[in-house]
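Below: the structure, in structure tokens.
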Protein chains: 2
Amino acid sequence: MQSEIITIGDELLIGQTVDTNSAWMAKKLNAIGVSVFQITSVSDDVDHILSALRDASERSDLVLITGGLGPTKDDITKQTLCKYFDTHLVMHHDVRERIEAYFASRGLPALEVNKKQAEMPANATVVPNAKGTAQGMWFEKEGTVYVSMPGVPYEMQCIMEDHLLELIQKRFKRPHIEHYTIQTSGIGESMLAALVEDWENSLGAEGISLAYLPSPGIVKLRLTSIGEDKKAIQEKVQRKAEEFKHLAAKYIFGEGDDQIEEVVGKLLEQKEMTVSTAESCTGGTIASSITKRPGSSAYFIGSIVAYNDDVKINLLGVQAETLQKCGAVSAETVIEMAEGARKSLNTTFSVATSGIAGPDGGTQTKPVGLIYVAVSGPQGTVVEELKFSSDRDRNILRTTRSALSLLRIEILRCQAL
Amino acid sequence: MQSEIITIGDELLIGQTVDTNSAWMAKKLNAIGVSVFQITSVSDDVDHILSALRDASERSDLVLITGGLGPTKDDITKQTLCKYFDTHLVMHHDVRERIEAYFASRGLPALEVNKKQAEMPANATVVPNAKGTAQGMWFEKEGTVYVSMPGVPYEMQCIMEDHLLELIQKRFKRPHIEHYTIQTSGIGESMLAALVEDWENSLGAEGISLAYLPSPGIVKLRLTSIGEDKKAIQEKVQRKAEEFKHLAAKYIFGEGDDQIEEVVGKLLEQKEMTVSTAESCTGGTIASSITKRPGSSAYFIGSIVAYNDDVKINLLGVQAETLQKCGAVSAETVIEMAEGARKSLNTTFSVATSGIAGPDGGTQTKPVGLIYVAVSGPQGTVVEELKFSSDRDRNILRTTRSALSLLRIEILRCQAL
């Protein structure tokens, strides 16, 4: 079976609001075997909404609609649904009582516009909203199911999780959809595709599709298969994923929605090890990434961001001679930075970066995008030379992820010793 | 004139990727007087893409398409466009050379799949992509313009900003849309609305609409007016903006897309002053923000990220007694951190933070979201107590912006002395 999502609201079409509802809903629907064929964002306009509903019903069995259920004048979804289903609004007294109780619990009076939210199309079945005054509404017409929900993300999520996902599972027979996502770093999309070409060619015959999802410093791979026999599908996707893991083992840092900083954080936590950073070109971004994770104070001790050479010398103990001979952007300097921070901050590992983030500041021998990353640990210090582009933001992000990726490898290597 | 956006990619329909491209594009299009009628997300499927293109062309003059232009097998947009326009792929040798040069500059070989990205439909006009190998392509058919771009956000953005927005403005007659955006910090949306209530009520009669765009620590205000007489519209929007600036002067830090870290950076640059940071709960995020700006090495010297109390004592010179008596999360500690970093890193200003970012770690007297920010400078040290929520990411971002906002005020105060 197939579904569609229609999101209603001018704020989406002027770019004021990013439509996060659709991705959230799509993920939940996919998880229960309901594929999403199309997502359509339309304006708060009667004719536009009507034509979007008609088009969707021709393609799909289930149409989920969000937005336009608020109490103000620009919210017209309910009136439009009446027109679409050729019906009229009726007052639901139980809903009205709930709305009055909702306001009373907050010590506020329910305004007339809020009470009117209990009026709903006569053919609607209420899908209750525990977190707001706009109820979910379930409709059926000529074999298609339509569900209208408010656009406020946490209200829509509450309706779906409390009731709707269960109602959909009861109403529709669904195939099983199996997704398997693998996260890689340290290799580009094309190189990875070349590395696993034969394996990729073997997927079609198994009815498995493959997608590469690149972002700075990271390439995600997603295997997907759909069918009736859940166990058989899971097994073949799992088997193909294992084959990939074998082929590209050294580049894989996680699965699903794993973030590299979380993977590293968990490793450090498990092994009761600590980390510090000594950052030049990343300017604190590695520390910022590591400390995003709640509980990171268990393994993150601190950082020295050394933009200026004096800071490299005074706080990190880099030799003035090294800076003079090799320059701040060199393997030699970044090694001394990592070792200096490890000593000064007294941590198991230290990560250091130095480079020319851009867009300017390059020379013939040291172009923009030349970056050195070092990781110092109990087993010594390793260094990597990276060559990126002139895009400053991207270079900082890629360096951060490369540094965390190298740190991960060193943590694992340390354990193996 | 009217446009539509079609985003292509299975990752959108399974909820793996939130479609941020559409909002970004819609905002840019609106800013040049091009309204967006509909946003449609479709799968990597030939028939589905073809029908989406046909439907869009019946409604709109301009169709912007993103996604499906990568070098891997799941990317089918180009072949589909050939089918739609009844044409075939031809090699663009200049593009192929650019792709080879792009890889060569990074010391990598261009693979055959990358070189094939220089093949494009015969009726396409190339819209160059300076940040990647997939080019933008401009098509015209029966009065409708279609532009296909890669789905990688920074590549699409680069194509639009470097070339496409200008090409669209040349090709289509549009009404004039005047936007004026003012950036404020240090005041919430409702408080700001109350402060300027009479002014806001006066906008309707002038044909100006107002939007409040809140994000953590910042509220943007956008005035908008549309019409044929460009000069008259600009004048009235300008006049109303000046009235607002007079009413809310102390909260305004910039205009348009100004970022607080850029505003602070420019001020420091102009005054030839320097800054350092001493960060606990923000974990390097303030340093990371400051160093995002190209050329920040002129005024940013370095940071000490002191998550651990020993680092606060050893590197920042915080008194062990202060930590014991007042705790790490206190006005006293954060003042000593700022003063310690200013001395140790020898800068005009230093910014320090300490707090409980959450989601856990709070106590009865020091709840999650309690955060102290200090700025030390030539005129002494000031400290602010902030009370936020339990959302870690939001707290870190709000603290970062509050700290930079306080730094801005101190730089201006220093000048006034």
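Numbering starts fresh at 1 for the residues of each chain in the structure tokens, the chains themselves are lettered A, B, ... in the order given, and ligands are numbered from 1 as they appear.
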Counting only C-alpha atoms, what are the residues of chain B within 7 Å of chain A, and for each of them which pair of atoms is the nearest and at what distance in Å, to one decimal? Sort the table by chain and rising number, as JSON lines.
{"residue": "B:Leu12", "atom": "CA", "partner": "A:Ala23", "partner_atom": "CA", "distance": 6.5}
{"residue": "B:Leu13", "atom": "CA", "partner": "A:Val36", "partner_atom": "CA", "distance": 5.5}
{"residue": "B:Ile14", "atom": "CA", "partner": "A:Ala26", "partner_atom": "CA", "distance": 5.1}
{"residue": "B:Gly15", "atom": "CA", "partner": "A:Ala23", "partner_atom": "CA", "distance": 3.8}
{"residue": "B:Gln16", "atom": "CA", "partner": "A:Ala23", "partner_atom": "CA", "distance": 6.8}
{"residue": "B:Thr17", "atom": "CA", "partner": "A:Ala23", "partner_atom": "CA", "distance": 6.6}
{"residue": "B:Val18", "atom": "CA", "partner": "A:Ala23", "partner_atom": "CA", "distance": 5.4}
{"residue": "B:Asp19", "atom": "CA", "partner": "A:Asp19", "partner_atom": "CA", "distance": 6.9}
{"residue": "B:Thr20", "atom": "CA", "partner": "A:Val18", "partner_atom": "CA", "distance": 6.0}
{"residue": "B:Ala23", "atom": "CA", "partner": "A:Gly15", "partner_atom": "CA", "distance": 3.9}
{"residue": "B:Trp24", "atom": "CA", "partner": "A:Gly15", "partner_atom": "CA", "distance": 6.0}
{"residue": "B:Ala26", "atom": "CA", "partner": "A:Gly15", "partner_atom": "CA", "distance": 4.8}
{"residue": "B:Lys27", "atom": "CA", "partner": "A:Gly15", "partner_atom": "CA", "distance": 4.5}
{"residue": "B:Asn30", "atom": "CA", "partner": "A:Ile14", "partner_atom": "CA", "distance": 6.2}
{"residue": "B:Val36", "atom": "CA", "partner": "A:Leu13", "partner_atom": "CA", "distance": 5.6}
{"residue": "B:Phe37", "atom": "CA", "partner": "A:Leu13", "partner_atom": "CA", "distance": 6.8}
{"residue": "B:Gln38", "atom": "CA", "partner": "A:Val42", "partner_atom": "CA", "distance": 5.2}
{"residue": "B:Ile39", "atom": "CA", "partner": "A:Ser41", "partner_atom": "CA", "distance": 5.0}
{"residue": "B:Thr40", "atom": "CA", "partner": "A:Thr40", "partner_atom": "CA", "distance": 4.5}
{"residue": "B:Ser41", "atom": "CA", "partner": "A:Ile39", "partner_atom": "CA", "distance": 4.9}
{"residue": "B:Val42", "atom": "CA", "partner": "A:Gln38", "partner_atom": "CA", "distance": 5.1}
{"residue": "B:Ser43", "atom": "CA", "partner": "A:Phe37", "partner_atom": "CA", "distance": 6.9}
{"residue": "B:Pro71", "atom": "CA", "partner": "A:Ser190", "partner_atom": "CA", "distance": 6.9}
{"residue": "B:Asp74", "atom": "CA", "partner": "A:Ala211", "partner_atom": "CA", "distance": 6.1}
{"residue": "B:Arg106", "atom": "CA", "partner": "A:Lys387", "partner_atom": "CA", "distance": 5.5}
{"residue": "B:Gly283", "atom": "CA", "partner": "A:Ser288", "partner_atom": "CA", "distance": 5.1}
{"residue": "B:Gly284", "atom": "CA", "partner": "A:Gly284", "partner_atom": "CA", "distance": 4.7}
{"residue": "B:Thr285", "atom": "CA", "partner": "A:Ser288", "partner_atom": "CA", "distance": 4.9}
{"residue": "B:Ala287", "atom": "CA", "partner": "A:Gly284", "partner_atom": "CA", "distance": 5.4}
{"residue": "B:Ser288", "atom": "CA", "partner": "A:Gly284", "partner_atom": "CA", "distance": 4.7}
{"residue": "B:Thr291", "atom": "CA", "partner": "A:Gly283", "partner_atom": "CA", "distance": 5.6}
{"residue": "B:Lys292", "atom": "CA", "partner": "A:Asp393", "partner_atom": "CA", "distance": 6.7}
{"residue": "B:Pro294", "atom": "CA", "partner": "A:Pro359", "partner_atom": "CA", "distance": 6.8}
{"residue": "B:Ser297", "atom": "CA", "partner": "A:Tyr307", "partner_atom": "CA", "distance": 6.4}
{"residue": "B:Phe300", "atom": "CA", "partner": "A:Tyr307", "partner_atom": "CA", "distance": 7.0}
{"residue": "B:Ile301", "atom": "CA", "partner": "A:Asn308", "partner_atom": "CA", "distance": 5.1}
{"residue": "B:Gly302", "atom": "CA", "partner": "A:Ala306", "partner_atom": "CA", "distance": 4.8}
{"residue": "B:Ser303", "atom": "CA", "partner": "A:Val305", "partner_atom": "CA", "distance": 4.6}
{"residue": "B:Ile304", "atom": "CA", "partner": "A:Ile304", "partner_atom": "CA", "distance": 4.7}
{"residue": "B:Val305", "atom": "CA", "partner": "A:Ser303", "partner_atom": "CA", "distance": 4.6}
{"residue": "B:Ala306", "atom": "CA", "partner": "A:Gly302", "partner_atom": "CA", "distance": 4.7}
{"residue": "B:Tyr307", "atom": "CA", "partner": "A:Gly302", "partner_atom": "CA", "distance": 5.2}
{"residue": "B:Asn308", "atom": "CA", "partner": "A:Ile301", "partner_atom": "CA", "distance": 5.1}
{"residue": "B:Val311", "atom": "CA", "partner": "A:Gly302", "partner_atom": "CA", "distance": 6.9}
{"residue": "B:Leu345", "atom": "CA", "partner": "A:Val311", "partner_atom": "CA", "distance": 6.9}
{"residue": "B:Gly358", "atom": "CA", "partner": "A:Pro294", "partner_atom": "CA", "distance": 7.0}
{"residue": "B:Pro359", "atom": "CA", "partner": "A:Pro294", "partner_atom": "CA", "distance": 6.9}
{"residue": "B:Asp393", "atom": "CA", "partner": "A:Lys292", "partner_atom": "CA", "distance": 6.8}
task = Compute the post-superposition RMSD of the C-alpha atoms of chain B relative to chain A, with atoms paired in order and the fit done by least squares.
result =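 Overlaying the two chains on their C-alpha atoms yields 4.1 Å.
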Selection near A:Tyr180, 10 Å with only C-alpha atoms, sequence-local residues under 2 positions removed, as number ranges by chain = A: 178, 182, 210, 221-225, 234, 237-238, 240-241, 255-256
inquiry  = Here is a test: counting only C-alpha atoms, which residue of B:Leu397, B:Val95, B:Ala403, B:Met120 is nearest to B:Ser350?
reply    =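 Of all the options, B:Ala403 lies closest to B:Ser350.
Our summary of the geometry notes that atom CA of A:Leu164 is positioned 17.2 Å from atom CA of A:Leu69.
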Test item: residues at most 7 Å from A:Gly227, only C-alpha atoms, excluding those fewer than 3 positions along its chain, as a compact mmCIF listing (two decimals) with C-alpha atoms, in the first residue's frame:
# COMPACT_ATOMS: atom_id res chain seq x y z
CA PRO A 175 4.37 -5.32 3.05
CA HIS A 176 7.53 -5.25 5.11
CA ILE A 177 10.12 -2.53 4.31
CA LYS A 230 9.65 -10.07 6.66
CA ILE A 233 13.88 -9.78 3.55
key: Shortest interatomic distance to A:Val329 - which of A:Lys366, A:Val382, A:Ser185, A:Ala352, counting only C-alpha atoms   =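 Using only C-alpha atoms, A:Val329 sits closest to A:Lys366.
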task = Taking the chain letters and numbering used in this document, name the residues of stretch 161-272 of chain A that DSSP puts in strand (DSSP E or B), as a ChimeraX atom specification.
result = /A:176-185,209-215,218-227,252-255
message = With distances taken over only C-alpha atoms, which residue among A:Gln364, A:Gln183, A:Gln79, A:Thr133 lies nearest A:Asp258?
response = A:Gln183
